[in-house]
Amino acid sequence: MRTRFIIFLLISTFIHANKVEIVKGLPFVTVEVEGKIFKIERNQVKDSYLTNTFALTSRPSPPFFIEPFSVSEGIETYGELEVLDFISKKKGLFIDARLSNWYKRSAIPSSLNISFKHFLDESDEQTKVFKRLGGVLNESQDKWDFKHAKTLLLYCNGAWCGQSPTAINALLENGYPKEKLKYYRGGMQSWQLLGLTTIVPKEKK
Amino acid sequence: MRIILLLFIYTLSSYAGQFSKVKITPEISYIYVYHKGKAVKVHRIQDTSNKLTGEYAMTYRPHRDIQPIKVTKDVKTIGEVELLHFMKNKVNKKQGVLVDLRTKNEYKDESIPSAVNIPFEVMSNKVKVEKILKVLGAKRLADGSLDTSKVLDVTFYCSGLWCKKSSMFIKSFLELGYPADKILYYRGGFQMWKILGFTTVTN
């Protein structure tokens with residue numbers, strides 16, 4: 001009886017276990033998407049290849065160039081493990097800085113789309129975004145105070161994408177503290193090359 | 001009409017010849033590096049419809065842990081732009097070495113230009129490691145300690161974001177006394193080099 005139970009246990013672990021783990025002992029992490037628990041794991045299907053537009057090697061320049069490893073001194077660059085830690089523990093706001101047409105097609109789960117354009121010039125949209133991040137506008141000096149603002153992690157399409165670095169630079173110019181800004185340079189391309197789960201975000205009505 | 005057509009073809013071909021359709025950075029379209037004594041032009045594939053295929057496009061990687069962004073606090077991680085600077089300012093001037101830690105066969109098939117191959121397994125061969133340290137400019141002193149005051153800069157890479165060879169090799173190098181500020185880690189590795197359409201060489 002007992003052996004049968006053990007065999008059952010072994011079989012069920014075998015069936016449910018992820019063969020491809022994020023790192024050894026960590027088969028998946030969970031994040032919150034639209035109020036629901038969502039699982040991020042790696043591709044478990046044998047012989048899978050990246051074949052979509054993210055397999056393209058050569059985007060025309062301009063506008064596409066290879067981005068430096070770091071946006072600016074003092075701003076941490078993250079890899080996938082650091083991203084997963086940040087989003088699973090909700091350490092701050094995870095921002096997809098791409099134009100919305102990119103985001104709509106596929107994105108990293110739990111990310112919020114705020115296009116880099118909204119960070120650039122003084123506008124109602126910018127004011128809305130900066131307030132959402134926790135910024136306080138000092139109207140008399142016409143200056144933003146981000147001392148108590150959220151920590152942000154920004155990403156876009158990958159090493160050849162300038163959208164998140166552009167957003168980060170705009171935030172810096174407006175006085176956002178460096179230690180509150182993180183950059184996931186690998187972006188959508190590295191994420192998918194590692195077979196990590198993506199999501200097609202629901203349209204907001 | 002014919003002249004216009006010829007002019008058109010001429011501009012098109014000279015344009016392509018400069019590798020400026022798909023550039024590296026706004027300032028750089030290509031650089032020259034020395035690979036086994038020969039100058040190699042390193043640029044990106046100019047065909048904007050080209051896709052990565054083959055084993056480096058594979059997304060199913062069992063037992064290949066995703067690697068952290070840093071090996072240790074003190075060793076710098078770099079991307080492609082910094083790697084190209086390293087090749088130009090260090091490797092070309094014989095002040096630095098780019099090390100490919102993949103297997104002999106993988107290296108033979110295709111590698112980053114200017115890289116030399118030290119298969120990861122060499123790490124467990126004390127005699128060979130000692131030789132490598134010597135080539136890199138380290139001196140074993142009479143009391144057994146290692147003088148690293150004149151060592152070369154070294155950048156390590158392996159297959160990609162899921163390859164642990166670089167971090168393991170770097171850690172053992174640090175234990176042997178190689179200074180952290182003389183080591184760089186190209187985490188993207190051969191996979192990111194390929195997916196960005198950079199020039200490769202066969203060995």
# chains A, B, ... in the order shown; residues from 1 in each chain; ligands from 1
>>> residues_around(residues="Asp153 of chain B", least_positions_apart="4", cutoff="8 Å", atoms="only C-alpha atoms", output="list in words")
Lys90, Gln95, Gly96, Val97, Lys182, Ile183 and Leu184 of chain B
>>> select_by_dssp(residues="segment 29-196 of chain B", states="alpha helix (DSSP H)", output="PyMOL selection string")
chain B and resi 80-86+104-109+126-135+165-175+189-195
>>> select_by_dssp(residues="segment 39-163 of chain A", states="strand (DSSP E)", output="VMD selection string")
chain A and resid 39 to 41 76 to 78 93 to 96 112 to 113 136 to 138 143 to 145 152 to 155
>>> write_last_selection(atoms="C-alpha atoms", output="PDB file, in the first residue's frame")
ATOM      1  CA  LYS A  39       2.485  31.842 -13.298  1.00  0.00           C
ATOM      2  CA  ILE A  40       5.709  32.722 -15.106  1.00  0.00           C
ATOM      3  CA  GLU A  41       7.797  29.763 -16.180  1.00  0.00           C
ATOM      4  CA  GLU A  76      21.157  49.414 -12.055  1.00  0.00           C
ATOM      5  CA  THR A  77      20.736  47.158 -15.066  1.00  0.00           C
ATOM      6  CA  TYR A  78      18.694  44.046 -14.323  1.00  0.00           C
ATOM      7  CA  LEU A  93       6.226  49.639 -10.568  1.00  0.00           C
ATOM      8  CA  PHE A  94       7.116  47.484 -13.565  1.00  0.00           C
ATOM      9  CA  ILE A  95       6.804  49.621 -16.689  1.00  0.00           C
ATOM     10  CA  ASP A  96       6.664  48.568 -20.324  1.00  0.00           C
ATOM     11  CA  LEU A 112       2.049  48.344 -16.955  1.00  0.00           C
ATOM     12  CA  ASN A 113       2.241  50.117 -20.288  1.00  0.00           C
ATOM     13  CA  VAL A 136       4.661  65.896  -6.214  1.00  0.00           C
ATOM     14  CA  LEU A 137       4.560  69.048  -8.302  1.00  0.00           C
ATOM     15  CA  ASN A 138       5.904  72.141  -6.606  1.00  0.00           C
ATOM     16  CA  LYS A 143       9.525  71.473 -10.330  1.00  0.00           C
ATOM     17  CA  TRP A 144       8.794  67.832  -9.550  1.00  0.00           C
ATOM     18  CA  ASP A 145       9.692  66.217  -6.255  1.00  0.00           C
ATOM     19  CA  LEU A 152      10.578  51.834 -11.239  1.00  0.00           C
ATOM     20  CA  LEU A 153      11.775  48.993 -13.425  1.00  0.00           C
ATOM     21  CA  LEU A 154      11.564  49.789 -17.140  1.00  0.00           C
ATOM     22  CA  TYR A 155      11.949  47.596 -20.212  1.00  0.00           C
TER      23      TYR A 155
END
>>> interface_residues(of="chain A", to="chain B", cutoff="6 Å", atoms="only C-alpha atoms", output="list of chain:residue names")
A:Lys19, A:Val20, A:Ile22, A:Val23, A:Asn43, A:Lys46, A:Ser48, A:Tyr49, A:Leu50, A:Ala55, A:Leu56, A:Thr57, A:Ser58, A:Arg59, A:Pro60, A:Ser61, A:Phe65, A:Ile66, A:Pro68, A:Phe69, A:Gly79, A:Leu81, A:Leu193, A:Leu194, A:Gly195
>>> write_last_selection(atoms="N, CA and C atoms", output="tab-separated table (two decimals), in the first residue's frame")
chain	number	residue	atom	x	y	z
A	19	LYS	N	10.49	20.59	-16.40
A	19	LYS	CA	11.81	20.09	-16.76
A	19	LYS	C	12.78	21.26	-16.90
A	20	VAL	N	12.26	22.33	-17.47
A	20	VAL	CA	13.10	23.53	-17.61
A	20	VAL	C	12.73	24.48	-16.48
A	22	ILE	N	13.57	27.85	-13.92
A	22	ILE	CA	14.17	29.19	-14.06
A	22	ILE	C	15.62	29.10	-13.59
A	23	VAL	N	15.78	28.66	-12.35
A	23	VAL	CA	17.07	28.16	-11.87
A	23	VAL	C	16.75	26.89	-11.09
A	43	ASN	N	9.70	27.80	-21.21
A	43	ASN	CA	9.15	26.91	-22.22
A	43	ASN	C	9.49	25.44	-21.92
A	46	LYS	N	9.78	20.62	-26.02
A	46	LYS	CA	11.06	20.25	-26.61
A	46	LYS	C	11.23	20.85	-28.02
A	48	SER	N	11.83	23.83	-29.16
A	48	SER	CA	11.18	25.09	-29.50
A	48	SER	C	12.23	26.11	-29.92
A	49	TYR	N	11.83	26.91	-30.89
A	49	TYR	CA	12.73	27.95	-31.40
A	49	TYR	C	12.02	29.29	-31.40
A	50	LEU	N	12.79	30.34	-31.29
A	50	LEU	CA	12.22	31.68	-31.43
A	50	LEU	C	12.06	31.94	-32.93
A	55	ALA	N	13.05	37.24	-33.53
A	55	ALA	CA	14.20	36.50	-34.06
A	55	ALA	C	14.95	37.34	-35.09
A	56	LEU	N	14.37	38.49	-35.48
A	56	LEU	CA	15.04	39.37	-36.44
A	56	LEU	C	16.36	39.89	-35.86
A	57	THR	N	17.41	39.83	-36.66
A	57	THR	CA	18.72	40.23	-36.16
A	57	THR	C	19.03	41.70	-36.44
A	58	SER	N	18.37	42.27	-37.46
A	58	SER	CA	18.87	43.53	-37.98
A	58	SER	C	17.75	44.54	-38.18
A	59	ARG	N	17.53	45.34	-37.18
A	59	ARG	CA	16.54	46.40	-37.30
A	59	ARG	C	17.21	47.63	-37.92
A	60	PRO	N	16.49	48.33	-38.83
A	60	PRO	CA	17.12	49.47	-39.50
A	60	PRO	C	17.47	50.61	-38.55
A	61	SER	N	18.62	51.24	-38.82
A	61	SER	CA	19.02	52.37	-37.99
A	61	SER	C	19.25	53.60	-38.85
A	65	PHE	N	19.40	51.22	-32.63
A	65	PHE	CA	20.83	51.04	-32.39
A	65	PHE	C	21.00	50.14	-31.18
A	66	ILE	N	22.21	49.60	-31.02
A	66	ILE	CA	22.46	48.77	-29.84
A	66	ILE	C	22.67	49.71	-28.64
A	68	PRO	N	23.82	50.89	-24.89
A	68	PRO	CA	24.89	50.55	-23.94
A	68	PRO	C	24.33	49.66	-22.82
A	69	PHE	N	25.22	48.98	-22.12
A	69	PHE	CA	24.77	48.09	-21.05
A	69	PHE	C	24.04	48.86	-19.96
A	79	GLY	N	18.90	41.72	-14.93
A	79	GLY	CA	18.70	40.57	-15.80
A	79	GLY	C	17.36	39.94	-15.45
A	81	LEU	N	16.54	37.25	-13.68
A	81	LEU	CA	16.33	36.82	-12.29
A	81	LEU	C	15.98	38.00	-11.40
A	193	LEU	N	13.75	34.63	-25.70
A	193	LEU	CA	14.83	33.72	-26.07
A	193	LEU	C	15.09	32.70	-24.95
A	194	LEU	N	14.75	33.08	-23.72
A	194	LEU	CA	14.88	32.17	-22.60
A	194	LEU	C	13.61	31.35	-22.40
A	195	GLY	N	12.64	31.55	-23.29
A	195	GLY	CA	11.40	30.79	-23.21
A	195	GLY	C	10.52	31.19	-22.05
>>> atom_distance(atom1="atom CA of Phe86 of chain B", atom2="atom CA of Tyr185 of chain B")
11.4 Å
>>> residues_around(residues="Tyr32 of chain B", least_positions_apart="2", cutoff="8 Å", atoms="only C-alpha atoms", output="tab-separated table (two decimals) with N, CA and C atoms, in the first residue's frame")
chain	number	residue	atom	x	y	z
B	30	TYR	N	30.88	49.94	-38.14
B	30	TYR	CA	31.73	48.75	-38.09
B	30	TYR	C	33.03	49.09	-37.39
B	34	TYR	N	41.57	42.34	-34.87
B	34	TYR	CA	42.52	41.35	-35.34
B	34	TYR	C	42.12	39.98	-34.84
B	39	ALA	N	43.02	41.20	-40.09
B	39	ALA	CA	42.01	42.21	-39.76
B	39	ALA	C	40.63	41.71	-40.20
B	40	VAL	N	39.68	41.76	-39.30
B	40	VAL	CA	38.30	41.36	-39.61
B	40	VAL	C	37.38	42.55	-39.38
B	41	LYS	N	36.51	42.81	-40.36
B	41	LYS	CA	35.56	43.91	-40.22
B	41	LYS	C	34.34	43.39	-39.44
B	42	VAL	N	34.09	43.98	-38.29
B	42	VAL	CA	32.95	43.55	-37.48
B	42	VAL	C	31.81	44.54	-37.66
B	88	LYS	N	38.54	46.85	-29.51
B	88	LYS	CA	39.27	47.90	-30.22
B	88	LYS	C	40.41	48.47	-29.36
>>> atom_distance(atom1="atom CA of Glu175 of chain B", atom2="atom CA of Leu146 of chain B")
11.1 Å
>>> residues_around(residues="Lys91 of chain A", least_positions_apart="3", cutoff="9 Å", atoms="only C-alpha atoms", output="list in words")
Asp85, Phe86, Ile87, Ser88, Phe94, Lys150, Thr151 and Leu152 of chain A
